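Chemist: What follows is a structure written as structure tokens; I'll ask about it next.
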Amino acid sequence: MNNGSPAVFHDPRFPLHNRDEFVVAETHGIAQWATHRLLADSTGLGWYDIYTSFATESSWNAALPGLPHPCLAYCHRRGAAVDRRVDGERAEHAELRARRFGMIPADRSSTWNLEGDPEVQLVYLRRSMVDAMIEIEFQRDPATVELIPHIGFADALLEQLVIALLDAAQPSVGCADRLYVDQLTQLIAMQMLRAHSNLAGHAGGRTPDAVLDAGERVVARVRELIDESLADSDLSLASLAAAAGVGAHQLAISFTRSVGVPLHQYVIGRRVERARQLLRDTDEPLASVAYATGFSNQSHFTTTFRRIVGMTPGRYRNHLD
């Protein structure tokens, strides 16, 4: 853990996944092509298991190499005619209309011809995270599971999730809470597996109730770890789940059911409460208080504190005098 916070115990049965940011170089880089206009992406936000971009695309024709990470494309506005051939499959023609999805398959090369100028959001999911979810939540061998690379399909839940992910990547947000992004990532991966893979129709192997059998002990341990690690701005769902000995998706569900609020909201509340204590009991500069309570910067601290408390940290401290 960073910032001098205690190291979280790691149960080796539950992987921490990658601790490096998911960067453009690990993707096809489509949004960054010179013929396209990049509108937003998650570069520099420190997201580990997911990368997203949003761009206005021009008509293009290209061969894409097979990458290990599955990619989801969501058309926000306008649309495009798509001719595609995936290695090992027949060529196909499809329409990618607004509010519809398509997939770029993992591990297989493909050739594409796209006609139109759609606004497209691409979402890449880190393969190690998806494989861990398959093993832990579905109790299946990842080698036997494949996402179905359809084009032009609708999914209302997936639509809400990817739009929320794009909102979190907008410059106006500053730095979205990473635990929030972790939970969005888990939900996106789970929906893709449940609805758009050869696992469709099969519920996850470990239900929330199975975890809740030992739920109070698990949740109590996680709450202790959160309080011990509030100064760690990189506190992640994966690290907390690994320490508790449960899968990340199940921890997110079980914590909300037990505590009554999503885990990321609980952490924010604890950080703000710790900040209030430091503002009351010390004369530390606001930047130091932000650092000590795990906020990525003073601006993020101020915005979050004002939203929850109703005033800025500086005004709160002055109000105490």
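By order in the structure tokens, chains are A, B, ...; within a chain, residues start at 1; ligands start at 1, following the order shown.
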Find the residues of segment 138-199 of chain A that sit at most 9 Å from segment 30-41 of chain A; for each, write down the nearest two atoms and how far apart they are in Å, to one decimal. Count only C-alpha atoms. Sort by chain, then by number going up, and give it as CSV.

Modeler:
```
residue,atom,partner,partner_atom,distance
A:Leu166,CA,A:Asp41,CA,7.8
A:Ala169,CA,A:Asp41,CA,6.1
A:Gln170,CA,A:Ala40,CA,6.3
A:Pro171,CA,A:Ala40,CA,7.7
```

Chemist: So that I can check the secondary structure, give me every residue of segment 68-288 of chain A assigned strand (DSSP E) by backbone DSSP, as a CSV table (one decimal) with C-alpha atoms, in the first residue's frame.

Modeler:
```
chain,number,residue,atom,x,y,z
A,71,CYS,CA,-13.3,-5.0,-26.5
A,72,LEU,CA,-16.9,-3.6,-26.4
A,73,ALA,CA,-18.0,-0.8,-28.8
A,74,TYR,CA,-21.0,1.3,-28.0
A,75,CYS,CA,-22.4,3.8,-30.6
A,76,HIS,CA,-23.6,6.9,-28.8
A,77,ARG,CA,-24.7,8.9,-31.9
A,80,ALA,CA,-22.3,3.1,-39.5
A,81,ALA,CA,-22.4,0.2,-41.9
A,82,VAL,CA,-19.9,-2.4,-41.0
A,83,ASP,CA,-18.4,-5.2,-43.1
A,84,ARG,CA,-16.3,-7.5,-41.0
A,85,ARG,CA,-14.5,-10.8,-41.1
A,86,VAL,CA,-13.2,-12.5,-38.0
A,92,GLU,CA,-20.6,-10.5,-42.3
A,93,HIS,CA,-22.5,-7.2,-42.9
A,94,ALA,CA,-24.2,-5.3,-40.0
A,95,GLU,CA,-25.5,-1.9,-39.1
A,96,LEU,CA,-24.2,-0.3,-35.9
A,101,PHE,CA,-23.2,-2.4,-29.3
A,102,GLY,CA,-20.6,-4.4,-31.1
A,103,MET,CA,-17.6,-6.5,-30.0
A,104,ILE,CA,-14.0,-6.9,-31.2
A,110,SER,CA,-10.2,-9.4,-37.9
A,111,THR,CA,-10.7,-7.1,-41.0
A,112,TRP,CA,-13.1,-4.2,-40.9
A,113,ASN,CA,-14.7,-1.8,-43.3
A,114,LEU,CA,-16.8,0.9,-41.6
A,115,GLU,CA,-18.8,3.5,-43.5
A,116,GLY,CA,-20.1,6.5,-41.6
A,119,GLU,CA,-19.5,8.6,-32.1
A,120,VAL,CA,-18.2,5.4,-30.6
A,121,GLN,CA,-17.1,4.5,-27.1
A,122,LEU,CA,-14.6,1.6,-26.8
A,123,VAL,CA,-14.3,-0.4,-23.6
A,124,TYR,CA,-11.4,-2.8,-23.1
A,125,LEU,CA,-11.5,-5.2,-20.2
A,151,ILE,CA,-22.6,-6.5,-33.9
A,152,GLY,CA,-25.7,-4.3,-33.6
A,153,PHE,CA,-27.2,-5.7,-30.3
```

Chemist: With only C-alpha atoms as the counted atoms, please give the residues lying no more than 7 Å from segment 292-306 of chain A, apart from itself and same-chain residues fewer than 3 positions off, as a ChimeraX atom specification.

Modeler: /A:174-175,230-233,271-272,274-275,287-289,309-313

Chemist: Output N, CA and C atoms for every residue in the selection just made, as a PDB file, in the first residue's frame.

Modeler:
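Written output follows (out05.pdb):
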```pdb
ATOM      1  N   GLY A 174     -12.658  15.298 -12.993  1.00  0.00           N
ATOM      2  CA  GLY A 174     -11.376  15.409 -12.311  1.00  0.00           C
ATOM      3  C   GLY A 174     -10.766  14.042 -12.142  1.00  0.00           C
ATOM      4  N   CYS A 175     -11.060  13.369 -11.054  1.00  0.00           N
ATOM      5  CA  CYS A 175     -10.537  12.018 -10.821  1.00  0.00           C
ATOM      6  C   CYS A 175     -11.613  11.206 -10.112  1.00  0.00           C
ATOM      7  N   LEU A 230      -7.134   4.137   4.700  1.00  0.00           N
ATOM      8  CA  LEU A 230      -7.782   5.318   4.135  1.00  0.00           C
ATOM      9  C   LEU A 230      -6.809   6.241   3.425  1.00  0.00           C
ATOM     10  N   ALA A 231      -5.554   6.253   3.849  1.00  0.00           N
ATOM     11  CA  ALA A 231      -4.574   7.145   3.218  1.00  0.00           C
ATOM     12  C   ALA A 231      -4.136   6.645   1.853  1.00  0.00           C
ATOM     13  N   ASP A 232      -4.507   5.432   1.484  1.00  0.00           N
ATOM     14  CA  ASP A 232      -4.081   4.848   0.213  1.00  0.00           C
ATOM     15  C   ASP A 232      -5.043   5.269  -0.888  1.00  0.00           C
ATOM     16  N   SER A 233      -4.621   6.183  -1.744  1.00  0.00           N
ATOM     17  CA  SER A 233      -5.483   6.635  -2.832  1.00  0.00           C
ATOM     18  C   SER A 233      -5.684   5.548  -3.873  1.00  0.00           C
ATOM     19  N   ARG A 271     -13.601   8.480   4.494  1.00  0.00           N
ATOM     20  CA  ARG A 271     -12.535   9.440   4.215  1.00  0.00           C
ATOM     21  C   ARG A 271     -12.955  10.853   4.635  1.00  0.00           C
ATOM     22  N   VAL A 272     -14.180  11.203   4.349  1.00  0.00           N
ATOM     23  CA  VAL A 272     -14.668  12.532   4.728  1.00  0.00           C
ATOM     24  C   VAL A 272     -14.737  12.650   6.248  1.00  0.00           C
ATOM     25  N   ARG A 274     -12.866  11.054   8.439  1.00  0.00           N
ATOM     26  CA  ARG A 274     -11.490  11.201   8.911  1.00  0.00           C
ATOM     27  C   ARG A 274     -10.976  12.617   8.641  1.00  0.00           C
ATOM     28  N   ALA A 275     -11.332  13.172   7.496  1.00  0.00           N
ATOM     29  CA  ALA A 275     -10.917  14.536   7.176  1.00  0.00           C
ATOM     30  C   ALA A 275     -11.523  15.538   8.152  1.00  0.00           C
ATOM     31  N   ALA A 287      -4.011  20.549   1.864  1.00  0.00           N
ATOM     32  CA  ALA A 287      -3.390  19.577   0.958  1.00  0.00           C
ATOM     33  C   ALA A 287      -2.913  18.352   1.727  1.00  0.00           C
ATOM     34  N   SER A 288      -2.383  18.558   2.929  1.00  0.00           N
ATOM     35  CA  SER A 288      -1.925  17.439   3.756  1.00  0.00           C
ATOM     36  C   SER A 288      -3.094  16.593   4.245  1.00  0.00           C
ATOM     37  N   VAL A 289      -4.209  17.252   4.565  1.00  0.00           N
ATOM     38  CA  VAL A 289      -5.403  16.522   4.989  1.00  0.00           C
ATOM     39  C   VAL A 289      -5.921  15.668   3.828  1.00  0.00           C
ATOM     40  N   VAL A 309     -20.598  17.380   2.992  1.00  0.00           N
ATOM     41  CA  VAL A 309     -20.737  18.183   4.218  1.00  0.00           C
ATOM     42  C   VAL A 309     -21.551  19.450   3.983  1.00  0.00           C
ATOM     43  N   GLY A 310     -21.525  19.946   2.748  1.00  0.00           N
ATOM     44  CA  GLY A 310     -22.282  21.156   2.444  1.00  0.00           C
ATOM     45  C   GLY A 310     -21.455  22.412   2.460  1.00  0.00           C
ATOM     46  N   MET A 311     -20.163  22.287   2.720  1.00  0.00           N
ATOM     47  CA  MET A 311     -19.251  23.431   2.677  1.00  0.00           C
ATOM     48  C   MET A 311     -17.855  22.938   2.362  1.00  0.00           C
ATOM     49  N   THR A 312     -16.979  23.845   1.946  1.00  0.00           N
ATOM     50  CA  THR A 312     -15.616  23.457   1.631  1.00  0.00           C
ATOM     51  C   THR A 312     -14.852  23.118   2.908  1.00  0.00           C
ATOM     52  N   PRO A 313     -13.735  22.373   2.809  1.00  0.00           N
ATOM     53  CA  PRO A 313     -12.944  22.080   4.008  1.00  0.00           C
ATOM     54  C   PRO A 313     -12.459  23.334   4.731  1.00  0.00           C
TER      55      PRO A 313
END
```

Chemist: Could you go through segment 76-273 of chain A and tell me which residues DSSP, when run on the backbone, assigns to alpha helix (DSSP H), listing them as a ChimeraX atom specification?

Modeler: /A:127-137,156-169,178-195,208-212,215-228,237-244,248-259,263-273

Chemist: Which neighbours of Leu165 of chain A fall inside 12 Å, counting only C-alpha atoms, when residues of the same chain fewer than 4 positions from it are skipped, and could you give them as an NGL selection string?

Modeler: :A and (40-42 or 47 or 50-54 or 74 or 121-124 or 158-161 or 169-170 or 173 or 176-178 or 180-188)

Chemist: One decimal, in Å: what's the spacing between atom CA of Asp117 of chain A and atom CA of Arg78 of chain A?

Modeler: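 One can read the atom CA of Asp117 of chain A to atom CA of Arg78 of chain A distance as 6.9 Å.
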
Chemist: Identify which of the residues A:Ile136, A:Gly245, A:Glu216, A:Arg270 lies closest to Ser258 of chain A, counting only C-alpha atoms when measuring atom-to-atom distances.

Modeler: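 Between A:Ile136, A:Gly245, A:Glu216, A:Arg270, the residue approaching Ser258 of chain A most closely is A:Glu216.
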
Chemist: One decimal, in Å: what's the spacing between atom CA of Pro118 of chain A and atom CA of Ser59 of chain A?

Modeler: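 If I compute the distance from atom CA of Pro118 of chain A to atom CA of Ser59 of chain A, I get 8.9 Å.
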
Chemist: Could you tell me which of A:Ala195, A:Ile253, A:Ala242, A:Ile268 comes closest to His150 of chain A if we count only C-alpha atoms?

Modeler: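 Of the candidates, the smallest distance to His150 of chain A is held by A:Ala195.
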
Chemist: Need to verify the contact set: segment 246-248 of chain A, 7 Å, only C-alpha atoms, exclusion of same-chain residues closer than 3 positions in sequence. Can you return it as a list in words?

Modeler: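 The neighbour list is Phe14, Ile136, Leu237, Ala238, Ala241, Ala242, Leu251 and Ala252 of chain A.
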